[in-house]
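One file, final_10.cif, carrying mmCIF, C-alpha atoms:
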data_my_file
loop_
_atom_site.group_PDB
_atom_site.id
_atom_site.type_symbol
_atom_site.label_atom_id
_atom_site.label_comp_id
_atom_site.auth_asym_id
_atom_site.auth_seq_id
_atom_site.Cartn_x
_atom_site.Cartn_y
_atom_site.Cartn_z
ATOM 1 C CA MET U 525 100.736 119.246 121.393
ATOM 2 C CA GLU U 526 98.652 117.347 123.939
ATOM 3 C CA LYS U 527 96.366 114.770 122.388
ATOM 4 C CA HIS U 528 93.312 116.270 124.089
ATOM 5 C CA ASN U 529 94.037 119.585 122.361
ATOM 6 C CA ALA U 530 94.561 118.032 118.919
ATOM 7 C CA VAL U 531 91.178 119.306 117.682
ATOM 8 C CA LEU U 532 89.379 122.371 119.029
ATOM 9 C CA ILE U 533 85.676 122.824 118.255
ATOM 10 C CA ASN U 534 83.826 126.063 118.849
ATOM 11 C CA GLN U 535 80.615 124.792 120.418
ATOM 12 C CA GLU U 536 78.860 128.119 119.921
ATOM 13 C CA ILE U 537 79.005 128.037 116.138
ATOM 14 C CA CYS U 538 79.081 124.272 115.490
ATOM 15 C CA THR U 539 75.866 123.336 113.658
ATOM 16 C CA GLY U 540 76.134 119.622 114.316
ATOM 17 C CA CYS U 541 76.158 118.792 110.608
ATOM 18 C CA GLY U 542 78.392 115.780 111.305
ATOM 19 C CA GLN U 543 80.696 116.254 108.317
ATOM 20 C CA CYS U 544 83.807 116.288 110.528
ATOM 21 C CA VAL U 545 82.695 113.044 112.172
ATOM 22 C CA LEU U 546 82.207 111.451 108.743
ATOM 23 C CA VAL U 547 85.698 112.247 107.386
ATOM 24 C CA CYS U 548 87.748 111.665 110.571
ATOM 25 C CA PRO U 549 90.102 108.729 109.773
ATOM 26 C CA THR U 550 90.647 107.829 113.433
ATOM 27 C CA LYS U 551 87.008 108.246 114.550
ATOM 28 C CA SER U 552 88.175 110.750 117.158
ATOM 29 C CA LEU U 553 85.092 112.945 116.758
ATOM 30 C CA SER U 554 81.483 112.244 117.637
ATOM 31 C CA LEU U 555 78.209 114.131 117.851
ATOM 32 C CA VAL U 556 77.317 114.701 121.492
ATOM 33 C CA GLY U 557 74.143 116.599 122.282
ATOM 34 C CA GLY U 558 73.907 117.730 118.655
ATOM 35 C CA LYS U 559 77.436 119.165 118.605
ATOM 36 C CA ALA U 560 80.761 117.772 117.374
ATOM 37 C CA ARG U 561 83.167 116.841 120.149
ATOM 38 C CA MET U 562 86.529 115.138 120.394
ATOM 39 C CA THR U 563 85.768 111.828 122.106
ATOM 40 C CA SER U 564 89.002 109.909 121.448
ATOM 41 C CA LEU U 565 92.681 110.709 121.866
ATOM 42 C CA GLU U 566 93.641 108.937 118.627
ATOM 43 C CA SER U 567 93.627 112.054 116.423
ATOM 44 C CA ILE U 568 96.486 112.320 113.928
ATOM 45 C CA SER U 569 95.902 116.043 113.284
ATOM 46 C CA CYS U 570 95.305 115.454 109.589
ATOM 47 C CA GLY U 571 93.058 118.507 109.251
ATOM 48 C CA HIS U 572 90.211 116.739 107.414
ATOM 49 C CA CYS U 573 87.754 118.026 110.017
ATOM 50 C CA GLU U 574 88.988 121.600 109.693
ATOM 51 C CA ALA U 575 88.844 121.502 105.906
ATOM 52 C CA VAL U 576 85.325 120.079 105.731
ATOM 53 C CA CYS U 577 83.598 122.301 108.330
ATOM 54 C CA PRO U 578 81.147 124.669 106.570
ATOM 55 C CA VAL U 579 81.132 127.244 109.397
ATOM 56 C CA ASN U 580 84.834 127.219 110.430
ATOM 57 C CA ALA U 581 84.014 125.831 113.861
ATOM 58 C CA VAL U 582 86.938 123.380 113.854
ATOM 59 C CA ARG U 583 90.580 124.217 114.451
ATOM 60 C CA VAL U 584 93.611 121.899 114.550
ATOM 61 C CA PRO U 585 96.238 123.884 116.527
ATOM 62 C CA LEU U 586 99.151 121.732 115.423
ATOM 63 C CA LEU U 587 98.728 122.864 111.810
ATOM 64 C CA ASP U 588 100.603 126.023 110.817
ATOM 65 C CA ASP U 589 98.953 128.761 108.745
ATOM 66 C CA ASP U 590 102.303 129.952 107.429
ATOM 67 C CA MET U 591 102.920 126.649 105.634
ATOM 68 C CA GLY U 592 100.146 127.660 103.234
ATOM 69 C CA ASN U 593 101.538 131.119 102.523
ATOM 70 C CA CYS U 594 104.043 131.184 99.669
ATOM 71 C CA GLU U 595 106.080 134.191 98.563
ATOM 72 C CA THR U 596 106.724 133.474 94.893
ATOM 73 C CA PHE U 597 103.164 132.615 93.822
ATOM 74 C CA LEU U 598 99.576 132.660 95.061
ATOM 75 C CA PHE U 599 98.735 129.496 96.988
ATOM 76 C CA GLU U 600 95.030 129.041 96.146
ATOM 77 C CA LYS U 601 93.246 127.645 99.225
ATOM 78 C CA ARG U 602 90.046 126.520 97.538
ATOM 79 C CA TRP U 603 89.778 122.733 97.388
ATOM 80 C CA LEU U 604 89.695 121.183 93.915
ATOM 81 C CA ARG U 605 87.119 118.438 93.594
ATOM 82 C CA PRO U 606 88.251 115.219 91.874
ATOM 83 C CA GLY U 607 88.023 115.692 88.146
ATOM 84 C CA HIS U 608 88.229 119.484 88.323
ATOM 85 C CA PHE U 609 91.719 119.884 86.895
ATOM 86 C CA ASP U 610 93.169 119.655 83.406
ATOM 87 C CA LEU U 611 94.583 116.125 83.343
ATOM 88 C CA SER U 612 96.371 116.665 80.051
ATOM 89 C CA ARG U 613 98.326 119.612 81.461
ATOM 90 C CA LEU U 614 99.163 117.696 84.617
ATOM 91 C CA VAL U 615 100.607 114.790 82.650
ATOM 92 C CA GLN U 616 102.459 117.220 80.388
ATOM 93 C CA LEU U 617 104.117 118.752 83.461
ATOM 94 C CA MET U 618 105.092 115.328 84.797
ATOM 95 C CA ALA U 619 106.489 114.209 81.463
ATOM 96 C CA SER U 620 108.313 117.489 80.823
ATOM 97 C CA ARG U 621 110.323 117.403 84.046
ATOM 98 C CA ARG U 622 113.771 116.067 83.224
ATOM 99 C CA SER U 623 116.865 115.509 85.334
ATOM 100 C CA CYS U 624 118.953 118.608 84.674
ATOM 101 C CA ARG U 625 122.740 118.315 84.528
ATOM 102 C CA ASN U 626 123.550 121.727 83.068
ATOM 103 C CA TYR U 627 122.907 124.871 85.119
ATOM 104 C CA THR U 628 123.613 128.572 84.787
ATOM 105 C CA ALA U 629 125.473 130.451 87.519
ATOM 106 C CA GLN U 630 122.284 132.338 88.464
ATOM 107 C CA PRO U 631 121.425 131.800 92.143
ATOM 108 C CA VAL U 632 118.031 130.483 93.236
ATOM 109 C CA GLU U 633 115.986 132.839 95.405
ATOM 110 C CA ARG U 634 115.700 131.721 99.009
ATOM 111 C CA ALA U 635 111.977 132.438 98.865
ATOM 112 C CA ALA U 636 111.653 129.969 95.984
ATOM 113 C CA LEU U 637 113.538 127.285 97.910
ATOM 114 C CA GLU U 638 111.318 127.811 100.956
ATOM 115 C CA ASP U 639 108.215 127.687 98.776
ATOM 116 C CA LEU U 640 109.413 124.390 97.313
ATOM 117 C CA VAL U 641 109.513 122.938 100.819
ATOM 118 C CA LYS U 642 105.983 124.201 101.497
ATOM 119 C CA ILE U 643 104.852 122.534 98.299
ATOM 120 C CA GLY U 644 106.707 119.375 99.292
ATOM 121 C CA VAL U 645 104.746 118.986 102.512
ATOM 122 C CA THR U 646 101.407 118.979 100.702
ATOM 123 C CA ALA U 647 102.268 115.327 100.003
ATOM 124 C CA PRO U 648 100.644 112.566 102.047
ATOM 125 C CA SER U 649 102.533 110.900 104.891
ATOM 126 C CA GLY U 650 101.913 107.645 106.728
ATOM 127 C CA THR U 651 99.507 108.178 109.666
ATOM 128 C CA ASN U 652 99.974 111.884 108.896
ATOM 129 C CA SER U 653 103.202 111.807 110.908
ATOM 130 C CA GLN U 654 104.788 114.570 108.781
ATOM 131 C CA LEU U 655 108.165 113.779 110.355
ATOM 132 C CA TRP U 656 110.036 114.682 107.190
ATOM 133 C CA THR U 657 112.974 117.098 107.382
ATOM 134 C CA PHE U 658 114.295 119.572 104.825
ATOM 135 C CA THR U 659 117.797 121.010 104.774
ATOM 136 C CA ILE U 660 118.360 123.808 102.266
ATOM 137 C CA LEU U 661 121.758 124.552 100.756
ATOM 138 C CA PRO U 662 120.864 128.008 99.401
ATOM 139 C CA THR U 663 124.045 128.945 97.536
ATOM 140 C CA ARG U 664 126.652 127.445 95.258
ATOM 141 C CA LYS U 665 129.177 128.014 98.057
ATOM 142 C CA ALA U 666 127.088 125.856 100.402
ATOM 143 C CA VAL U 667 126.819 123.123 97.773
ATOM 144 C CA GLU U 668 130.554 123.221 97.077
ATOM 145 C CA SER U 669 131.361 122.941 100.776
ATOM 146 C CA LEU U 670 129.683 119.533 100.858
ATOM 147 C CA ILE U 671 131.373 118.117 97.767
ATOM 148 C CA PRO U 672 134.844 117.476 99.306
ATOM 149 C CA VAL U 673 133.282 115.468 102.152
ATOM 150 C CA ILE U 674 131.393 113.282 99.680
ATOM 151 C CA VAL U 675 134.522 112.983 97.538
ATOM 152 C CA GLY U 676 136.442 111.832 100.602
ATOM 153 C CA PHE U 677 133.889 109.101 101.259
ATOM 154 C CA TYR U 678 134.099 107.753 97.700
ATOM 155 C CA SER U 679 137.882 108.034 97.593
ATOM 156 C CA HIS U 680 138.063 105.757 100.621
ATOM 157 C CA LEU U 681 135.397 103.426 99.215
ATOM 158 C CA ASN U 682 137.235 103.104 95.903
ATOM 159 C CA THR U 683 140.495 102.388 97.714
ATOM 160 C CA MET U 684 138.799 99.484 99.476
ATOM 161 C CA ALA U 685 136.888 98.304 96.405
ATOM 162 C CA LYS U 686 139.955 97.926 94.187
ATOM 163 C CA LYS U 687 141.434 95.388 96.621
ATOM 164 C CA ALA U 688 140.245 92.083 95.182
ATOM 165 C CA VAL U 689 141.151 90.137 98.295
ATOM 166 C CA VAL U 690 138.944 92.408 100.422
ATOM 167 C CA ARG U 691 136.012 92.089 98.010
ATOM 168 C CA ARG U 692 136.284 88.306 97.867
ATOM 169 C CA GLY U 693 136.675 87.970 101.609
ATOM 170 C CA LEU U 694 133.573 90.027 102.312
ATOM 171 C CA LYS U 695 131.616 88.143 99.676
ATOM 172 C CA LEU U 696 132.532 84.812 101.265
ATOM 173 C CA ILE U 697 130.906 85.872 104.533
ATOM 174 C CA GLY U 698 127.739 87.032 102.795
ATOM 175 C CA LYS U 699 128.631 90.698 102.406
ATOM 176 C CA GLY U 700 128.790 91.176 98.667
ATOM 177 C CA GLU U 701 127.940 94.882 98.591
ATOM 178 C CA LEU U 702 131.515 96.004 97.990
ATOM 179 C CA ASP U 703 131.944 93.545 95.115
ATOM 180 C CA GLU U 704 128.707 94.759 93.543
ATOM 181 C CA TYR U 705 129.816 98.370 93.955
ATOM 182 C CA TYR U 706 133.088 97.535 92.225
ATOM 183 C CA ARG U 707 131.310 95.984 89.242
ATOM 184 C CA LEU U 708 128.681 98.713 88.845
ATOM 185 C CA TYR U 709 130.226 101.978 89.995
ATOM 186 C CA TYR U 710 133.951 101.772 90.690
ATOM 187 C CA ARG U 711 135.175 102.958 87.285
ATOM 188 C CA GLN U 712 132.561 105.697 86.998
ATOM 189 C CA ILE U 713 133.478 107.011 90.445
ATOM 190 C CA ARG U 714 137.209 106.689 89.741
ATOM 191 C CA ASP U 715 136.891 108.803 86.611
ATOM 192 C CA GLY U 716 134.705 111.350 88.376
ATOM 193 C CA LEU U 717 137.164 111.686 91.250
ATOM 194 C CA ALA U 718 140.056 112.135 88.842
ATOM 195 C CA GLU U 719 138.195 114.832 86.932
ATOM 196 C CA TRP U 720 137.315 116.637 90.180
ATOM 197 C CA GLU U 721 140.942 116.589 91.291
ATOM 198 C CA LYS U 722 142.252 117.729 87.905
ATOM 199 C CA THR U 723 139.682 120.305 86.775
ATOM 200 C CA GLY U 724 137.225 120.816 89.649
ATOM 201 C CA LYS U 725 134.362 119.623 87.421
ATOM 202 C CA ASP U 726 131.335 118.792 89.571
ATOM 203 C CA ARG U 727 129.760 115.520 88.487
ATOM 204 C CA LEU U 728 127.704 115.270 91.669
ATOM 205 C CA PHE U 729 125.586 118.447 91.633
ATOM 206 C CA HIS U 730 126.482 119.390 88.037
ATOM 207 C CA GLY U 731 127.081 123.017 88.957
ATOM 208 C CA ALA U 732 123.681 123.540 90.586
ATOM 209 C CA THR U 733 123.540 126.690 92.690
ATOM 210 C CA ALA U 734 121.341 125.210 95.453
ATOM 211 C CA ALA U 735 120.179 121.921 96.893
ATOM 212 C CA ILE U 736 117.443 120.535 99.128
ATOM 213 C CA ILE U 737 118.075 117.475 101.292
ATOM 214 C CA VAL U 738 114.945 115.546 102.265
ATOM 215 C CA GLY U 739 114.964 113.212 105.240
ATOM 216 C CA SER U 740 112.925 112.019 108.179
ATOM 217 C CA LYS U 741 113.050 112.110 111.942
ATOM 218 C CA PRO U 742 112.677 108.820 113.840
ATOM 219 C CA GLY U 743 109.171 107.559 114.521
ATOM 220 C CA ALA U 744 107.446 107.816 111.136
ATOM 221 C CA SER U 745 105.508 104.744 110.057
ATOM 222 C CA CYS U 746 106.872 104.837 106.488
ATOM 223 C CA PRO U 747 109.631 107.480 106.426
ATOM 224 C CA ALA U 748 111.141 106.619 103.040
ATOM 225 C CA GLU U 749 107.799 106.817 101.263
ATOM 226 C CA ASP U 750 106.936 110.081 103.022
ATOM 227 C CA ALA U 751 110.222 111.703 102.041
ATOM 228 C CA LEU U 752 110.087 110.525 98.433
ATOM 229 C CA LEU U 753 106.491 111.652 97.933
ATOM 230 C CA ALA U 754 107.480 115.115 99.181
ATOM 231 C CA THR U 755 110.508 114.967 96.888
ATOM 232 C CA GLN U 756 108.349 114.319 93.825
ATOM 233 C CA ASN U 757 106.220 117.334 94.701
ATOM 234 C CA ILE U 758 109.375 119.456 94.857
ATOM 235 C CA LEU U 759 110.646 118.177 91.505
ATOM 236 C CA LEU U 760 107.403 118.982 89.710
ATOM 237 C CA ALA U 761 106.963 122.354 91.380
ATOM 238 C CA ALA U 762 110.533 123.362 90.572
ATOM 239 C CA HIS U 763 109.875 122.727 86.885
ATOM 240 C CA ALA U 764 106.724 124.846 87.064
ATOM 241 C CA MET U 765 108.834 127.614 88.657
ATOM 242 C CA GLY U 766 111.310 127.540 85.786
ATOM 243 C CA LEU U 767 113.975 125.668 87.733
ATOM 244 C CA GLY U 768 115.869 122.492 86.929
ATOM 245 C CA THR U 769 116.431 119.618 89.344
ATOM 246 C CA CYS U 770 118.375 116.399 89.590
ATOM 247 C CA LEU U 771 118.343 113.695 92.249
ATOM 248 C CA VAL U 772 121.864 113.061 93.576
ATOM 249 C CA GLY U 773 121.793 109.422 94.613
ATOM 250 C CA PHE U 774 125.525 109.226 95.268
ATOM 251 C CA ALA U 775 125.159 111.944 97.921
ATOM 252 C CA VAL U 776 122.344 109.993 99.607
ATOM 253 C CA ALA U 777 124.450 106.834 99.666
ATOM 254 C CA ALA U 778 127.398 108.706 101.169
ATOM 255 C CA MET U 779 125.231 110.147 103.938
ATOM 256 C CA LYS U 780 123.706 106.770 104.752
ATOM 257 C CA ASN U 781 127.074 105.043 104.974
ATOM 258 C CA ASP U 782 129.201 107.734 106.623
ATOM 259 C CA PRO U 783 127.702 109.828 109.440
ATOM 260 C CA LYS U 784 130.371 112.496 108.891
ATOM 261 C CA VAL U 785 128.897 113.384 105.497
ATOM 262 C CA GLN U 786 125.443 113.935 106.952
ATOM 263 C CA LEU U 787 126.814 115.957 109.860
ATOM 264 C CA ALA U 788 128.806 118.095 107.396
ATOM 265 C CA ALA U 789 125.447 119.250 105.973
ATOM 266 C CA GLY U 790 124.209 120.190 109.443
ATOM 267 C CA ILE U 791 121.842 117.219 109.688
ATOM 268 C CA PRO U 792 121.605 115.532 113.117
ATOM 269 C CA GLY U 793 122.657 111.908 113.326
ATOM 270 C CA GLY U 794 119.199 110.750 114.419
ATOM 271 C CA GLU U 795 117.678 111.694 111.066
ATOM 272 C CA THR U 796 117.790 109.590 107.912
ATOM 273 C CA VAL U 797 118.340 111.155 104.486
ATOM 274 C CA TYR U 798 116.301 109.779 101.580
ATOM 275 C CA ALA U 799 116.816 112.331 98.791
ATOM 276 C CA VAL U 800 119.277 115.021 97.787
ATOM 277 C CA ILE U 801 117.934 117.372 95.111
ATOM 278 C CA ALA U 802 120.205 119.623 93.062
ATOM 279 C CA VAL U 803 118.313 122.826 92.196
ATOM 280 C CA GLY U 804 119.234 125.613 89.796
ATOM 281 C CA HIS U 805 118.352 127.557 86.682
ATOM 282 C CA PRO U 806 118.638 125.152 83.733
ATOM 283 C CA GLU U 807 120.955 125.737 80.831
ATOM 284 C CA GLU U 808 119.257 123.159 78.631
ATOM 285 C CA SER U 809 115.924 122.795 76.864
ATOM 286 C CA TYR U 810 114.065 120.123 74.927
ATOM 287 C CA LEU U 811 111.682 120.038 71.979
ATOM 288 C CA LYS U 812 109.431 117.216 73.174
ATOM 289 C CA VAL U 813 108.869 114.915 76.109
ATOM 290 C CA ALA U 814 110.921 111.741 76.302
ATOM 291 C CA ARG U 815 109.389 108.341 75.683
ATOM 292 C CA ARG U 816 109.403 105.677 78.402
ATOM 293 C CA LYS U 817 110.198 101.983 78.468
ATOM 294 C CA LYS U 818 107.224 99.696 77.998
ATOM 295 C CA VAL U 819 105.808 98.336 81.237
ATOM 296 C CA GLU U 820 104.164 94.975 81.795
ATOM 297 C CA LEU U 821 100.672 95.382 83.203
ATOM 298 C CA ARG U 822 99.525 92.806 85.721
ATOM 299 C CA TYR U 823 95.928 92.273 86.850
ATOM 300 C CA PHE U 824 94.704 90.303 89.800
ATOM 301 C CA GLU U 825 90.995 89.536 89.681
ATOM 302 C CA GLY U 826 90.768 87.529 92.904
ATOM 303 C CA GLU U 827 89.560 83.950 93.248
#
As structure tokens - that is how I would like this structure written.
Amino acid sequence: MEKHNAVLINQEICTGCGQCVLVCPTKSLSLVGGKARMTSLESISCGHCEAVCPVNAVRVPLLDDDMGNCETFLFEKRWLRPGHFDLSRLVQLMASRRSCRNYTAQPVERAALEDLVKIGVTAPSGTNSQLWTFTILPTRKAVESLIPVIVGFYSHLNTMAKKAVVRRGLKLIGKGELDEYYRLYYRQIRDGLAEWEKTGKDRLFHGATAAIIVGSKPGASCPAEDALLATQNILLAAHAMGLGTCLVGFAVAAMKNDPKVQLAAGIPGGETVYAVIAVGHPEESYLKVARRKKVELRYFEGE
């Protein structure tokens, strides 16, 4: 999209109220002759101007109408003012979402997976870059096809990690990652690999029948934050849909350290993966929300 076409304003119906000028974060809009006009090429296509216009005179062509049309529920387009939502219910939803490690064999509808992505991208992104990427593994077969590649990565890593001379040598030259991996994860991974080889038990995705991989294309100002904010949206929405989720950190680590794992999921090498979400119908339930560890509050009052 050309920068000069980032915002289109219908001059015939624009009333010159100035609301779009007020909310524009890049000051790309101005009132000229009593009408709103795009006077700078710095627009980030955030859509504030379109959302605030009382007469629908503003259009941001880069934004896609279909991203606001979900199949499994009604996406209400009316804006909620701050304070106009039940805070207690929101916190209950957040606290009720648990990492699920027991799933039924019931598949997840593709429409639900696509809706989860649409919910994910309602999250904020740095400079509104929206360069996140989503790769859907829609079936248990697709999930299972990725497991052997990840297993291969950790089999090789464990082979290297159990060699004390290799760990010590790397640590001496300031590369202590392998030694730390050995102390924290080696035995857990060893046991998981043995169980996979012996019984086929899936300790990675825990039998989930689908997965969503969240990443970013190059060029985002804060790609990790963008991807993880979208991920949190997906986790909460999945719970509201009746689905269970679990973040698979070991899969993320494998993709970051071995390009073959990422390519095996159909993700181009130029992208970076930040979250892998197991998704399925949960075969577990709870009676109350879990408590959390106490946090230390810190205030800074200035000089």
**Report entry** Counting all atoms listed in the file, the residue of U:Glu749, U:Glu701, U:Glu536, U:Glu807 that sits nearest Ala629 (chain U)
**Finding:** U:Glu807
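Coordinates place CA of Tyr705 (chain U) at a distance of 14.9 Å from CA of Val776 (chain U).
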Requested in this report: Find the spatial neighbours of Ala748 (chain U), counting only C-alpha atoms, within a cut-off of 8 Å - ignore same-chain residues fewer than 6 positions away - and output them as a list in words.
Outcome: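 Residues meeting the cut-off are Gly739, Ser740 and Tyr798 of chain U.
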Report task. Please measure the separation of CA of Val803 (chain U) and CA of Arg815 (chain U), giving the value in Å to one decimal. Result ->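 For CA of Val803 (chain U) relative to CA of Arg815 (chain U), the distance reads 23.7 Å.
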List as a Markdown table every residue of region 555-636 of chain U that is in contact with region 660-663 of chain U, defined as an atom at most 9 Å from one of its atoms (using only C-alpha atoms), together with the nearest atom pair and the distance in Å rounded to one decimal, sorted by chain and then rising number.
| residue | atom | partner | partner_atom | distance |
| --- | --- | --- | --- | --- |
| U:Pro631 | CA | U:Thr663 | CA | 6.6 |
| U:Val632 | CA | U:Pro662 | CA | 7.2 |
| U:Glu633 | CA | U:Pro662 | CA | 7.9 |
| U:Arg634 | CA | U:Pro662 | CA | 6.4 |
Query - Spatial sel., origin (82.9, 116.7, 114.1), limit 8 Å, all atoms listed in the file, listed as an MDAnalysis selection string - result: chainID U and resid 533 540:546 548 553:555 559:562 573 582
The PyMOL selection byres ((chain U and resi 736) around 6) applied to the shown file, residues as a tab-separated table (two decimals) with C-alpha atoms, in the coordinates of the input:
chain	number	residue	atom	x	y	z
U	659	THR	CA	117.80	121.01	104.77
U	660	ILE	CA	118.36	123.81	102.27
U	735	ALA	CA	120.18	121.92	96.89
U	737	ILE	CA	118.08	117.48	101.29
U	800	VAL	CA	119.28	115.02	97.79
U	801	ILE	CA	117.93	117.37	95.11
Query raised in the report: If you count only C-alpha atoms, which residues fall within 10 Å of region 589-597 of chain U, apart from same-chain ones fewer than 3 positions away, as a VMD selection string?
Result: chain U and resid 585 to 586 600 to 601 633 to 643 645 to 646 765
Query raised in the report: In Å, how far is it from CA of Ala530 (chain U) to CA of Glu566 (chain U)?
Result: 9.1 Å
Report task. Please provide the set of residues having any atom within 8 Å of Val579 (chain U), restricted to only C-alpha atoms, with same-chain residues fewer than 4 positions apart removed, written as a ChimeraX atom specification. Result -> /U:537-539
**Report entry** Among listed residues U:Leu728, U:Ala799, U:Leu587, U:Ile671, nearest Gln756 (chain U) (using all atoms listed in the file)
**Finding:**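 Looking only at the distances to Gln756 (chain U), the closest residue turns out to be U:Ala799.
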Could region 765-789 of chain U be completed with N, CA and C atoms and returned as a tab-separated table (two decimals), in the coordinates of the input?
chain	number	residue	atom	x	y	z
U	765	MET	N	108.23	126.33	88.30
U	765	MET	CA	108.83	127.61	88.66
U	765	MET	C	109.89	128.08	87.65
U	766	GLY	N	110.25	127.19	86.73
U	766	GLY	CA	111.31	127.54	85.79
U	766	GLY	C	112.68	127.07	86.23
U	767	LEU	N	112.71	126.17	87.21
U	767	LEU	CA	113.98	125.67	87.73
U	767	LEU	C	114.23	124.25	87.24
U	768	GLY	N	115.48	123.86	87.25
U	768	GLY	CA	115.87	122.49	86.93
U	768	GLY	C	116.25	121.76	88.19
U	769	THR	N	116.08	120.43	88.18
U	769	THR	CA	116.43	119.62	89.34
U	769	THR	C	117.08	118.32	88.91
U	770	CYS	N	117.81	117.72	89.84
U	770	CYS	CA	118.38	116.40	89.59
U	770	CYS	C	118.57	115.71	90.94
U	771	LEU	N	118.12	114.46	91.04
U	771	LEU	CA	118.34	113.70	92.25
U	771	LEU	C	119.80	113.22	92.29
U	772	VAL	N	120.45	113.41	93.44
U	772	VAL	CA	121.86	113.06	93.58
U	772	VAL	C	121.96	111.83	94.47
U	773	GLY	N	121.80	110.67	93.86
U	773	GLY	CA	121.79	109.42	94.61
U	773	GLY	C	123.11	109.11	95.30
U	774	PHE	N	124.22	109.49	94.66
U	774	PHE	CA	125.52	109.23	95.27
U	774	PHE	C	125.69	110.00	96.58
U	775	ALA	N	125.09	111.17	96.68
U	775	ALA	CA	125.16	111.94	97.92
U	775	ALA	C	124.34	111.26	99.01
U	776	VAL	N	123.18	110.71	98.64
U	776	VAL	CA	122.34	109.99	99.61
U	776	VAL	C	123.10	108.78	100.15
U	777	ALA	N	123.72	108.03	99.25
U	777	ALA	CA	124.45	106.83	99.67
U	777	ALA	C	125.60	107.19	100.61
U	778	ALA	N	126.30	108.29	100.31
U	778	ALA	CA	127.40	108.71	101.17
U	778	ALA	C	126.91	109.05	102.56
U	779	MET	N	125.78	109.76	102.64
U	779	MET	CA	125.23	110.15	103.94
U	779	MET	C	124.75	108.95	104.74
U	780	LYS	N	124.21	107.95	104.05
U	780	LYS	CA	123.71	106.77	104.75
U	780	LYS	C	124.84	105.89	105.27
U	781	ASN	N	125.98	105.93	104.60
U	781	ASN	CA	127.07	105.04	104.97
U	781	ASN	C	128.17	105.70	105.79
U	782	ASP	N	128.18	107.03	105.85
U	782	ASP	CA	129.20	107.73	106.62
U	782	ASP	C	128.55	108.89	107.36
U	783	PRO	N	128.36	108.77	108.66
U	783	PRO	CA	127.70	109.83	109.44
U	783	PRO	C	128.36	111.19	109.30
U	784	LYS	N	129.66	111.22	109.01
U	784	LYS	CA	130.37	112.50	108.89
U	784	LYS	C	129.84	113.31	107.73
U	785	VAL	N	129.41	112.66	106.67
U	785	VAL	CA	128.90	113.38	105.50
U	785	VAL	C	127.59	114.08	105.86
U	786	GLN	N	126.72	113.36	106.55
U	786	GLN	CA	125.44	113.94	106.95
U	786	GLN	C	125.65	115.09	107.93
U	787	LEU	N	126.54	114.91	108.88
U	787	LEU	CA	126.81	115.96	109.86
U	787	LEU	C	127.42	117.19	109.19
U	788	ALA	N	128.19	116.97	108.12
U	788	ALA	CA	128.81	118.10	107.40
U	788	ALA	C	127.75	119.00	106.77
U	789	ALA	N	126.55	118.45	106.52
U	789	ALA	CA	125.45	119.25	105.97
U	789	ALA	C	124.56	119.82	107.07
